[in-house]
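The data block below is input-v5.cif; it holds mmCIF, C-alpha atoms.
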data_model
loop_
_atom_site.label_atom_id
_atom_site.label_comp_id
_atom_site.auth_asym_id
_atom_site.auth_seq_id
_atom_site.Cartn_x
_atom_site.Cartn_y
_atom_site.Cartn_z
CA MET A 25 -38.81 58.02 101.33
CA THR A 26 -40.63 55.17 99.98
CA ARG A 27 -40.20 51.73 101.17
CA GLU A 28 -40.22 48.98 98.63
CA LEU A 29 -42.47 46.12 99.34
CA PRO A 30 -40.90 42.70 99.32
CA PRO A 31 -41.75 40.71 96.25
CA SER A 32 -44.70 38.40 96.75
CA PRO A 33 -43.78 34.75 96.83
CA THR A 34 -44.56 32.96 93.62
CA VAL A 35 -47.26 30.44 94.11
CA PRO A 36 -47.11 27.55 91.67
CA ARG A 37 -50.36 27.50 89.79
CA ILE A 38 -51.89 24.20 88.86
CA ARG A 39 -53.16 24.52 85.34
CA THR A 40 -56.15 22.36 84.55
CA LEU A 41 -56.55 21.12 81.02
CA SER A 42 -59.45 22.39 79.02
CA LEU A 43 -61.83 19.91 77.42
CA ARG A 44 -60.31 20.68 74.05
CA GLU A 45 -56.83 19.85 75.30
CA LYS A 46 -58.04 16.66 76.93
CA LEU A 47 -59.67 15.59 73.68
CA ALA A 48 -56.53 16.51 71.77
CA ARG A 49 -54.52 14.17 73.96
CA LEU A 50 -56.77 11.33 72.99
CA ARG A 51 -56.05 11.86 69.33
CA PRO A 52 -53.25 9.45 68.54
CA GLY A 53 -52.81 10.42 64.92
CA ARG A 54 -52.20 14.06 65.56
CA PRO A 55 -48.49 14.84 65.33
CA GLY A 56 -46.81 16.92 67.95
CA ARG A 57 -49.23 15.97 70.67
CA GLN A 58 -48.93 13.65 73.52
CA ARG A 59 -49.99 10.20 72.44
CA HIS A 60 -52.30 8.41 74.72
CA ALA A 61 -52.30 4.64 74.98
CA ALA A 62 -56.04 4.44 75.53
CA GLY A 63 -56.63 6.63 72.49
CA ARG A 64 -54.40 4.44 70.35
CA ALA A 65 -56.17 1.31 71.54
CA LEU A 66 -59.56 2.86 70.84
CA THR A 67 -58.47 3.82 67.34
CA VAL A 68 -57.26 0.30 66.59
CA LEU A 69 -60.49 -1.11 67.97
CA LEU A 70 -62.58 1.22 65.80
CA ARG A 71 -60.49 0.36 62.75
CA VAL A 72 -60.90 -3.38 63.24
CA VAL A 73 -64.61 -3.20 64.03
CA ILE A 74 -65.45 -0.93 61.07
CA ALA A 75 -63.25 -3.01 58.76
CA GLY A 76 -65.01 -6.17 59.94
CA VAL A 77 -68.42 -4.65 59.33
CA PHE A 78 -67.57 -3.54 55.79
CA LEU A 79 -65.80 -6.78 54.83
CA ALA A 80 -68.68 -8.87 56.18
CA ALA A 81 -71.16 -6.65 54.35
CA ALA A 82 -69.33 -7.03 51.05
CA ALA A 83 -68.98 -10.83 51.02
CA ASP A 84 -72.48 -11.89 49.97
CA LYS A 85 -72.83 -8.97 47.56
CA ILE A 86 -69.71 -10.10 45.72
CA VAL A 87 -70.90 -13.71 45.57
CA HIS A 88 -74.38 -12.69 44.32
CA PRO A 89 -74.05 -9.45 42.33
CA ASP A 90 -77.29 -10.12 40.49
CA ARG A 91 -79.27 -10.47 43.71
CA PHE A 92 -77.66 -7.35 45.14
CA ALA A 93 -78.70 -5.49 41.99
CA ASP A 94 -82.27 -6.65 42.69
CA VAL A 95 -82.03 -5.24 46.22
CA VAL A 96 -80.62 -1.93 44.93
CA SER A 97 -83.35 -1.81 42.32
CA ASP A 98 -86.03 -2.28 45.00
CA TYR A 99 -84.86 0.84 46.82
CA GLN A 100 -86.17 2.75 43.78
CA ILE A 101 -83.67 5.55 44.12
CA LEU A 102 -81.15 5.01 41.34
CA PRO A 103 -82.15 5.08 37.68
CA ALA A 104 -82.24 1.60 36.11
CA TRP A 105 -79.17 2.20 33.95
CA LEU A 106 -77.05 2.89 37.04
CA VAL A 107 -78.17 -0.06 39.17
CA ASN A 108 -75.85 -2.72 37.73
CA LEU A 109 -72.78 -0.50 37.83
CA PHE A 110 -73.52 0.49 41.40
CA ALA A 111 -74.22 -3.11 42.47
CA VAL A 112 -70.99 -4.32 40.92
CA CYS A 113 -68.76 -1.56 42.32
CA LEU A 114 -70.10 -0.85 45.82
CA PRO A 115 -69.07 -4.17 47.42
CA TRP A 116 -65.50 -3.73 46.19
CA VAL A 117 -65.35 -0.20 47.57
CA GLU A 118 -66.40 -1.75 50.88
CA VAL A 119 -63.65 -4.36 50.55
CA VAL A 120 -60.94 -1.84 49.69
CA VAL A 121 -62.01 0.46 52.52
CA GLY A 122 -62.20 -2.48 54.93
CA LEU A 123 -58.74 -3.73 53.98
CA ALA A 124 -57.23 -0.24 54.19
CA LEU A 125 -58.62 0.14 57.71
CA LEU A 126 -57.46 -3.34 58.68
CA VAL A 127 -53.87 -2.92 57.53
CA GLY A 128 -53.71 0.73 58.59
CA LEU A 129 -53.05 2.21 55.16
CA TRP A 130 -54.50 5.65 54.43
CA VAL A 131 -56.77 5.30 57.45
CA PRO A 132 -58.26 8.85 57.44
CA GLU A 133 -59.11 8.49 53.75
CA ALA A 134 -60.70 5.07 54.30
CA ALA A 135 -62.56 6.40 57.34
CA LEU A 136 -63.98 9.25 55.25
CA LEU A 137 -65.12 6.83 52.55
CA ALA A 138 -66.67 4.57 55.19
CA LEU A 139 -68.46 7.58 56.65
CA GLY A 140 -69.66 8.61 53.21
CA MET A 141 -71.00 5.13 52.45
CA THR A 142 -72.77 4.93 55.80
CA LEU A 143 -74.40 8.32 55.22
CA MET A 144 -75.47 7.12 51.79
CA PHE A 145 -77.06 3.98 53.28
CA MET A 146 -78.86 6.09 55.87
CA LEU A 147 -80.14 8.46 53.20
CA ALA A 148 -81.47 5.53 51.16
CA LEU A 149 -83.27 4.17 54.21
CA ALA A 150 -84.60 7.59 55.15
CA ILE A 151 -85.99 8.14 51.65
CA ASN A 152 -87.85 4.83 51.84
CA LEU A 153 -89.11 5.63 55.32
CA ALA A 154 -90.38 8.96 54.03
CA ARG A 155 -92.23 7.05 51.32
CA GLY A 156 -93.90 4.96 54.02
CA ASN A 157 -91.93 1.84 53.13
CA THR A 158 -91.02 0.63 56.62
CA ASN A 159 -90.37 -3.02 55.72
CA LEU A 160 -87.26 -3.19 53.62
CA HIS A 161 -84.92 -5.86 52.36
CA CYS A 162 -81.82 -4.10 53.53
CA GLY A 163 -79.19 -5.90 51.49
CA CYS A 164 -76.69 -4.81 54.11
CA PHE A 165 -75.10 -8.15 54.98
CA SER A 166 -77.17 -10.54 52.91
CA THR A 167 -78.70 -10.26 49.47
CA SER A 168 -81.57 -12.51 50.51
CA GLN A 169 -84.93 -10.84 50.02
CA GLU A 170 -86.72 -13.05 52.46
CA GLY A 171 -87.89 -11.73 55.80
CA PRO A 172 -87.70 -7.95 55.52
CA GLY A 173 -86.29 -6.01 58.45
CA SER A 174 -87.58 -2.85 60.02
CA ALA A 175 -86.18 0.25 58.34
CA TRP A 176 -86.04 2.02 61.70
CA ASP A 177 -83.82 -0.73 63.16
CA LEU A 178 -81.57 -0.54 60.12
CA LEU A 179 -81.36 3.23 60.46
CA TRP A 180 -80.31 2.98 64.10
CA ARG A 181 -77.69 0.39 63.23
CA ASP A 182 -76.29 2.65 60.53
CA ALA A 183 -76.34 5.59 62.93
CA ILE A 184 -74.05 3.69 65.31
CA LEU A 185 -71.74 2.82 62.43
CA MET A 186 -71.75 6.46 61.33
CA VAL A 187 -70.69 7.63 64.79
CA ALA A 188 -67.88 5.05 64.78
CA CYS A 189 -66.67 6.17 61.34
CA ALA A 190 -66.84 9.84 62.31
CA GLY A 191 -64.92 9.09 65.51
CA LEU A 192 -62.22 7.27 63.61
CA LEU A 193 -61.92 10.10 61.10
CA TRP A 194 -61.64 12.63 63.90
CA ALA A 195 -59.07 10.53 65.73
CA THR A 196 -56.80 9.89 62.76
CA CYS A 197 -57.10 12.96 60.60
CA PRO A 198 -54.53 15.73 61.24
CA ALA A 199 -56.23 18.77 62.76
CA GLY A 200 -55.31 21.21 59.98
CA LEU A 201 -56.51 18.80 57.35
CA LEU A 202 -59.73 18.15 59.25
CA ARG A 203 -60.39 21.90 59.40
CA ALA A 204 -59.63 22.25 55.69
CA LEU A 205 -61.89 19.30 54.97
CA VAL A 206 -64.75 20.74 57.02
CA SER A 207 -64.40 24.15 55.40
CA ALA A 208 -64.26 22.52 51.94
CA VAL A 209 -67.47 20.65 52.73
CA LYS A 210 -69.06 23.88 53.99
CA ARG A 211 -67.97 25.72 50.85
CA SER A 212 -69.39 23.03 48.61
CA MET B 2 -44.44 32.70 55.61
CA SER B 3 -48.09 32.96 56.46
CA SER B 4 -49.10 32.04 52.93
CA GLU B 5 -46.84 29.00 53.11
CA LEU B 6 -48.47 28.00 56.38
CA ARG B 7 -51.89 28.49 54.88
CA SER B 8 -51.12 26.37 51.89
CA VAL B 9 -49.98 23.33 53.86
CA PRO B 10 -53.50 22.12 54.82
CA GLU B 11 -54.67 22.85 51.30
CA ARG B 12 -51.91 20.70 49.85
CA GLU B 13 -52.77 18.03 52.37
CA LEU B 14 -56.41 18.32 51.39
CA VAL B 15 -55.62 17.83 47.73
CA LEU B 16 -53.48 14.80 48.58
CA PHE B 17 -56.24 13.50 50.84
CA ILE B 18 -58.85 13.77 48.10
CA GLN B 19 -56.47 12.15 45.61
CA ARG B 20 -55.99 9.22 47.95
CA CYS B 21 -59.74 8.86 48.44
CA ALA B 22 -60.20 8.86 44.68
CA GLY B 23 -57.37 6.34 44.40
CA LEU B 24 -59.08 3.94 46.79
CA VAL B 25 -62.36 4.23 44.87
CA ALA B 26 -60.60 3.85 41.51
CA LEU B 27 -58.81 0.72 42.74
CA ALA B 28 -62.12 -0.72 43.95
CA VAL B 29 -63.85 0.05 40.64
CA LEU B 30 -60.99 -1.53 38.69
CA ILE B 31 -61.15 -4.74 40.75
CA ALA B 32 -64.96 -4.71 40.48
CA LEU B 33 -64.92 -4.48 36.70
CA VAL B 34 -62.36 -7.28 36.36
CA CYS B 35 -64.27 -9.54 38.77
CA ASN B 36 -67.56 -8.76 37.05
CA THR B 37 -66.24 -10.05 33.74
CA LEU B 38 -64.99 -13.25 35.41
CA HIS B 39 -68.05 -13.83 37.61
CA PRO B 40 -70.57 -16.38 36.26
CA MET B 41 -73.39 -14.02 37.28
CA GLY B 42 -71.58 -10.93 36.02
CA LEU B 43 -73.92 -8.11 35.09
CA PRO B 44 -74.00 -6.00 31.93
CA LEU B 45 -72.87 -2.50 32.88
CA LEU B 46 -74.97 -0.90 30.17
CA LEU B 47 -78.60 -1.88 29.75
CA VAL B 48 -78.39 -2.37 26.01
CA GLU B 49 -79.33 -5.99 25.36
CA VAL B 50 -80.89 -6.62 28.76
CA PRO B 51 -83.44 -3.90 29.56
CA HIS B 52 -83.74 -4.71 33.28
CA PRO B 53 -81.02 -4.45 35.94
CA GLY B 54 -79.82 -7.50 37.84
CA ILE B 55 -79.97 -9.97 34.98
CA PRO B 56 -76.84 -11.46 33.43
CA VAL B 57 -76.83 -11.51 29.63
CA TRP B 58 -76.66 -15.32 29.34
CA ILE B 59 -79.71 -15.74 31.53
CA TRP B 60 -81.63 -13.14 29.56
CA ARG B 61 -80.79 -15.03 26.35
CA SER B 62 -81.75 -18.41 27.78
CA VAL B 63 -85.13 -17.38 29.23
CA PRO B 64 -87.50 -16.27 26.46
CA SER B 65 -90.72 -14.33 27.03
CA VAL B 66 -94.12 -15.17 25.61
CA SER B 67 -97.32 -13.17 25.35
CA VAL B 68 -100.46 -13.97 27.33
CA THR B 69 -102.01 -15.54 24.23
CA GLN B 70 -99.05 -17.84 23.79
CA GLY B 71 -99.11 -18.54 27.51
CA TYR B 72 -102.76 -19.45 27.27
CA GLU B 73 -102.02 -21.89 24.46
CA LEU B 74 -99.31 -23.51 26.53
CA TRP B 75 -101.70 -23.75 29.46
CA ARG B 76 -104.59 -25.10 27.34
CA HIS B 77 -102.48 -27.85 25.84
CA GLN B 78 -100.82 -28.50 29.18
CA SER B 79 -97.48 -28.22 27.46
CA ALA B 80 -95.84 -26.29 30.28
CA LEU B 81 -96.01 -26.20 34.06
CA LEU B 82 -97.20 -22.80 35.24
CA LEU B 83 -95.34 -21.27 38.14
CA ASP B 84 -96.88 -18.43 40.15
CA VAL B 85 -94.14 -16.40 41.86
CA ARG B 86 -96.42 -13.82 43.47
CA ASP B 87 -96.82 -13.68 47.21
CA ARG B 88 -98.74 -16.53 48.82
CA ALA B 89 -101.73 -14.35 49.79
CA ASP B 90 -102.17 -13.17 46.21
CA HIS B 91 -101.95 -16.74 44.95
CA LEU B 92 -104.64 -17.79 47.40
CA ALA B 93 -106.84 -14.91 46.28
CA GLY B 94 -106.76 -16.07 42.69
CA HIS B 95 -104.40 -17.71 40.23
CA ILE B 96 -104.19 -19.45 36.88
CA PRO B 97 -105.73 -22.92 37.33
CA GLY B 98 -103.16 -25.63 37.80
CA SER B 99 -100.34 -23.25 38.57
CA LEU B 100 -97.84 -24.02 41.28
CA SER B 101 -97.04 -21.40 43.91
CA LEU B 102 -93.40 -20.54 44.48
CA PRO B 103 -93.36 -17.03 46.00
CA TYR B 104 -90.19 -15.12 45.23
CA HIS B 105 -90.05 -13.74 48.74
CA GLU B 106 -90.17 -17.25 50.21
CA PHE B 107 -88.03 -18.96 47.59
CA SER B 108 -85.55 -20.65 49.93
CA THR B 109 -88.21 -22.06 52.21
CA THR B 110 -90.74 -23.03 49.53
CA PHE B 111 -88.45 -24.41 46.84
CA PRO B 112 -87.58 -27.69 48.66
CA ALA B 113 -91.30 -28.45 48.94
CA VAL B 114 -92.03 -27.92 45.23
CA ARG B 115 -88.75 -29.23 43.86
CA ASP B 116 -90.14 -32.69 43.11
CA ARG B 117 -92.95 -31.21 41.06
CA LEU B 118 -90.70 -29.01 38.93
CA PRO B 119 -89.31 -30.83 35.90
CA LEU B 120 -85.60 -30.06 35.58
CA HIS B 121 -85.65 -30.32 31.79
CA GLY B 122 -89.35 -29.76 31.22
CA PRO B 123 -91.05 -26.54 30.10
CA ILE B 124 -91.95 -24.14 32.92
CA LEU B 125 -93.93 -20.95 32.35
CA ILE B 126 -93.38 -18.34 35.06
CA TYR B 127 -95.73 -15.47 35.77
CA CYS B 128 -95.98 -12.73 38.37
CA TYR B 129 -98.14 -9.63 38.81
CA GLY B 130 -97.98 -7.40 35.77
CA SER B 131 -95.99 -6.13 32.84
CA HIS B 132 -93.43 -4.35 34.98
CA CYS B 133 -93.11 -7.20 37.44
CA GLY B 134 -89.52 -8.34 37.57
CA LEU B 135 -90.17 -11.21 39.97
CA SER B 136 -90.63 -13.72 37.13
CA MET B 137 -87.18 -13.05 35.80
CA ARG B 138 -85.70 -13.09 39.30
CA VAL B 139 -87.12 -16.54 39.95
CA ALA B 140 -86.08 -17.65 36.47
CA LYS B 141 -82.58 -16.50 37.36
CA ARG B 142 -82.57 -18.60 40.53
CA LEU B 143 -83.98 -21.65 38.75
CA ARG B 144 -81.64 -21.32 35.78
CA VAL B 145 -78.66 -21.44 38.11
CA LEU B 146 -80.12 -24.59 39.68
CA GLY B 147 -80.14 -26.29 36.28
CA TYR B 148 -83.68 -25.70 35.00
CA ASP B 149 -83.14 -25.11 31.32
CA ARG B 150 -86.59 -24.73 29.74
CA LEU B 151 -87.91 -21.64 31.44
CA THR B 152 -90.23 -19.10 29.89
CA VAL B 153 -91.62 -15.87 31.33
CA MET B 154 -95.15 -14.72 30.56
CA GLU B 155 -95.24 -11.01 29.75
CA GLY B 156 -98.03 -9.07 31.36
CA GLY B 157 -98.33 -11.59 34.16
CA PHE B 158 -101.51 -12.32 36.05
CA ASP B 159 -102.97 -8.85 35.38
CA ALA B 160 -102.87 -9.38 31.62
CA TRP B 161 -104.29 -12.88 32.02
CA GLN B 162 -107.15 -11.51 34.09
CA ALA B 163 -107.73 -8.60 31.70
CA ALA B 164 -108.00 -11.03 28.79
CA GLY B 165 -110.83 -12.79 30.58
CA LEU B 166 -108.96 -16.08 30.78
CA PRO B 167 -109.83 -18.71 33.40
CA ILE B 168 -108.91 -17.98 36.99
CA SER B 169 -109.10 -20.39 39.85
CA PRO B 170 -109.89 -18.94 43.27
CA ALA B 171 -109.14 -22.25 44.91
CA THR B 172 -105.59 -22.92 46.01
CA GLU B 173 -103.60 -25.43 44.12
CA GLY B 174 -100.01 -26.46 44.07
CA ALA B 175 -97.72 -26.15 47.04
CA ARG B 176 -99.34 -24.83 50.17
#

Can you present the structure in this file as structure tokens?
Amino acid sequence: MTRELPPSPTVPRIRTLSLREKLARLRPGRPGRQRHAAGRALTVLLRVVIAGVFLAAAADKIVHPDRFADVVSDYQILPAWLVNLFAVCLPWVEVVVGLALLVGLWVPEAALLALGMTLMFMLALAINLARGNTNLHCGCFSTSQEGPGSAWDLLWRDAILMVACAGLLWATCPAGLLRALVSAVKRS
Amino acid sequence: MSSELRSVPERELVLFIQRCAGLVALAVLIALVCNTLHPMGLPLLLVEVPHPGIPVWIWRSVPSVSVTQGYELWRHQSALLLDVRDRADHLAGHIPGSLSLPYHEFSTTFPAVRDRLPLHGPILIYCYGSHCGLSMRVAKRLRVLGYDRLTVMEGGFDAWQAAGLPISPATEGAR
């Protein structure tokens, strides 16, 4: 004759969130997840700051397209026939991206473009650094070619902007899309 | 079911890329319209103007002369010579009588030399060499300010020196 043991009392287990889950909670743009006020506020802050940077950067380039073309030309990266087209179009891409971020329209797309532009700026600086050209007229916020700045300082500044853009993209892009985007980039 | 689930991110990705392209296309469209309306609008194809950064009307209004022609202008004192090279290079040697207005110090130096630059008088601009675009860049700045008789000397100081023409090691003009 066997004697059945009484069932053990169920102890409520406190489940701690993994880092991934904690990060997921901070992502305000991700549907189906708990939205976090701090995350939303951070996203808005990033949007406004990045938009401000790009709009401020575009202003002088639009006023002086010829001087911006001179700056682009001095980087000695693009072929001469492409310099004018690039100098004319880039500031308006910055404006459109800045406005999209500011009004909150197509934010992940604008964040990706902002990230792409920042990476492009960093690459241009890195190429000139590799050439030993440490004193550059950046052309970032002003088309003036007086008083060159240090390329290293400019690179650090762009690195901060790149992190901000990447953070905004991560925060606003749906997870499935982000994975598809990353795998598409890997494939390419 | 699984294939449907798999295709959702792909559809989203296509839409995402289309939206990115849409933003860029919108920006390019606005840029092209504004470029045609802008007084310093640039030619998108380097057909008439061989160098980037120079509007067509400025290119047409600033002729180039050879070193020989430049020498004749200098000899007859029929044009003011403007050296747009860096200050150190000007101090090291320049065309006698030329005024120094370094491109990289334009904003700070121009007020000092403004009184000596004739608004409607002939000005011959030179820089380093044949591929030096600084002359045209300064010409661009001056043309916008109203200087209407500007000429650029092809070959610049290098060609002048190579031709064995007079060079003054002493500094003249704006210091």

Identify all residues satisfying the PyMOL selection byres ((chain A) within 7 of (chain B)) in the given file; provide them as a PyMOL selection string.
chain A and resi 89-91+93-94+104-105+107-109+112-113+116-117+120+133+169-170+200-201+204-205

Could you write out the selected residues, including C-alpha atoms, as an mmCIF file, in the coordinates of the input?
data_model
loop_
_atom_site.group_PDB
_atom_site.id
_atom_site.type_symbol
_atom_site.label_atom_id
_atom_site.label_comp_id
_atom_site.auth_asym_id
_atom_site.auth_seq_id
_atom_site.Cartn_x
_atom_site.Cartn_y
_atom_site.Cartn_z
ATOM 1 C CA PRO A 89 -74.050 -9.450 42.330
ATOM 2 C CA ASP A 90 -77.290 -10.120 40.490
ATOM 3 C CA ARG A 91 -79.270 -10.470 43.710
ATOM 4 C CA ALA A 93 -78.700 -5.490 41.990
ATOM 5 C CA ASP A 94 -82.270 -6.650 42.690
ATOM 6 C CA ALA A 104 -82.240 1.600 36.110
ATOM 7 C CA TRP A 105 -79.170 2.200 33.950
ATOM 8 C CA VAL A 107 -78.170 -0.060 39.170
ATOM 9 C CA ASN A 108 -75.850 -2.720 37.730
ATOM 10 C CA LEU A 109 -72.780 -0.500 37.830
ATOM 11 C CA VAL A 112 -70.990 -4.320 40.920
ATOM 12 C CA CYS A 113 -68.760 -1.560 42.320
ATOM 13 C CA TRP A 116 -65.500 -3.730 46.190
ATOM 14 C CA VAL A 117 -65.350 -0.200 47.570
ATOM 15 C CA VAL A 120 -60.940 -1.840 49.690
ATOM 16 C CA GLU A 133 -59.110 8.490 53.750
ATOM 17 C CA GLN A 169 -84.930 -10.840 50.020
ATOM 18 C CA GLU A 170 -86.720 -13.050 52.460
ATOM 19 C CA GLY A 200 -55.310 21.210 59.980
ATOM 20 C CA LEU A 201 -56.510 18.800 57.350
ATOM 21 C CA ALA A 204 -59.630 22.250 55.690
ATOM 22 C CA LEU A 205 -61.890 19.300 54.970
#

Can you tell me, as a short mmCIF file (atom, residue, chain, number, x, y, z; two decimals) with C-alpha atoms, in the frame of the given file, what residues are no more than 9 Å from stretch 155-163 of chain B when counting only C-alpha atoms, ignoring any on the same chain fewer than 2 positions away?
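The resulting part05.cif:
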data_model
loop_
_atom_site.label_atom_id
_atom_site.label_comp_id
_atom_site.auth_asym_id
_atom_site.auth_seq_id
_atom_site.Cartn_x
_atom_site.Cartn_y
_atom_site.Cartn_z
CA SER B 65 -90.72 -14.33 27.03
CA VAL B 66 -94.12 -15.17 25.61
CA SER B 67 -97.32 -13.17 25.35
CA VAL B 68 -100.46 -13.97 27.33
CA THR B 69 -102.01 -15.54 24.23
CA GLY B 71 -99.11 -18.54 27.51
CA TYR B 72 -102.76 -19.45 27.27
CA ASP B 84 -96.88 -18.43 40.15
CA HIS B 95 -104.40 -17.71 40.23
CA ILE B 96 -104.19 -19.45 36.88
CA ILE B 126 -93.38 -18.34 35.06
CA TYR B 127 -95.73 -15.47 35.77
CA CYS B 128 -95.98 -12.73 38.37
CA TYR B 129 -98.14 -9.63 38.81
CA GLY B 130 -97.98 -7.40 35.77
CA SER B 131 -95.99 -6.13 32.84
CA HIS B 132 -93.43 -4.35 34.98
CA CYS B 133 -93.11 -7.20 37.44
CA SER B 136 -90.63 -13.72 37.13
CA VAL B 153 -91.62 -15.87 31.33
CA GLY B 165 -110.83 -12.79 30.58
CA LEU B 166 -108.96 -16.08 30.78
CA PRO B 167 -109.83 -18.71 33.40
CA ILE B 168 -108.91 -17.98 36.99
#

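Between atom CA of A:Leu147 and atom CA of A:Ile184 lies a distance of 14.4 Å.
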
Evaluate the PyMOL selection byres ((chain A and resi 137) around 10) and record the selected residues as a PyMOL selection string, following the chain and residue labels used in the document.
(chain A and resi 117-118+121+131-136+138-143+189+193) or (chain B and resi 21-22+24-25)

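Here atom CA of B:Gln70 and atom CA of B:Gly122 stand 17.1 Å from one another.
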
Using only C-alpha atoms, find the one residue out of A:Cys162, A:Leu79, A:Met144, A:Val72 that sits nearest to A:Phe92.
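Closest candidate: A:Cys162.
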
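You will find atom CA of B:Tyr148 at 21.5 Å from atom CA of B:Glu73.
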
A:Leu202, A:Arg71, A:Cys197, A:Ser207 ranked by distance to A:Leu123, top pick (using all atoms listed in the file):
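Nearest candidate to A:Leu123 out of A:Leu202, A:Arg71, A:Cys197, A:Ser207: A:Arg71.
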
Please rebuild stretch 119-125 of chain A with all heavy atoms and return the result as a compact mmCIF listing (two decimals), in the frame of the given file.
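Okay, result18.txt is ready:
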# COMPACT_ATOMS: atom_id res chain seq x y z
N VAL A 119 -64.80 -3.48 50.30
CA VAL A 119 -63.65 -4.36 50.55
C VAL A 119 -62.36 -3.54 50.66
O VAL A 119 -61.57 -3.71 51.59
CB VAL A 119 -63.52 -5.42 49.43
CG1 VAL A 119 -62.16 -6.11 49.49
CG2 VAL A 119 -64.62 -6.44 49.56
N VAL A 120 -62.17 -2.64 49.70
CA VAL A 120 -60.94 -1.84 49.69
C VAL A 120 -60.86 -0.97 50.95
O VAL A 120 -59.80 -0.88 51.59
CB VAL A 120 -60.87 -0.98 48.39
CG1 VAL A 120 -59.77 0.06 48.49
CG2 VAL A 120 -60.62 -1.88 47.19
N VAL A 121 -61.98 -0.37 51.31
CA VAL A 121 -62.01 0.46 52.52
C VAL A 121 -61.75 -0.41 53.76
O VAL A 121 -60.96 -0.05 54.64
CB VAL A 121 -63.38 1.20 52.64
CG1 VAL A 121 -63.59 1.75 54.03
CG2 VAL A 121 -63.44 2.32 51.62
N GLY A 122 -62.39 -1.57 53.80
CA GLY A 122 -62.20 -2.48 54.93
C GLY A 122 -60.75 -2.93 55.07
O GLY A 122 -60.19 -2.93 56.18
N LEU A 123 -60.15 -3.27 53.94
CA LEU A 123 -58.74 -3.73 53.98
C LEU A 123 -57.80 -2.60 54.37
O LEU A 123 -56.85 -2.80 55.13
CB LEU A 123 -58.34 -4.32 52.62
CG LEU A 123 -58.95 -5.68 52.28
CD1 LEU A 123 -58.52 -6.13 50.89
CD2 LEU A 123 -58.55 -6.74 53.31
N ALA A 124 -58.07 -1.39 53.85
CA ALA A 124 -57.23 -0.24 54.19
C ALA A 124 -57.29 0.03 55.69
O ALA A 124 -56.25 0.30 56.32
CB ALA A 124 -57.69 0.99 53.41
N LEU A 125 -58.48 -0.08 56.26
CA LEU A 125 -58.62 0.14 57.71
C LEU A 125 -57.92 -0.98 58.49
O LEU A 125 -57.29 -0.74 59.52
CB LEU A 125 -60.10 0.20 58.09
CG LEU A 125 -60.88 1.41 57.62
CD1 LEU A 125 -62.35 1.28 57.98
CD2 LEU A 125 -60.32 2.70 58.21
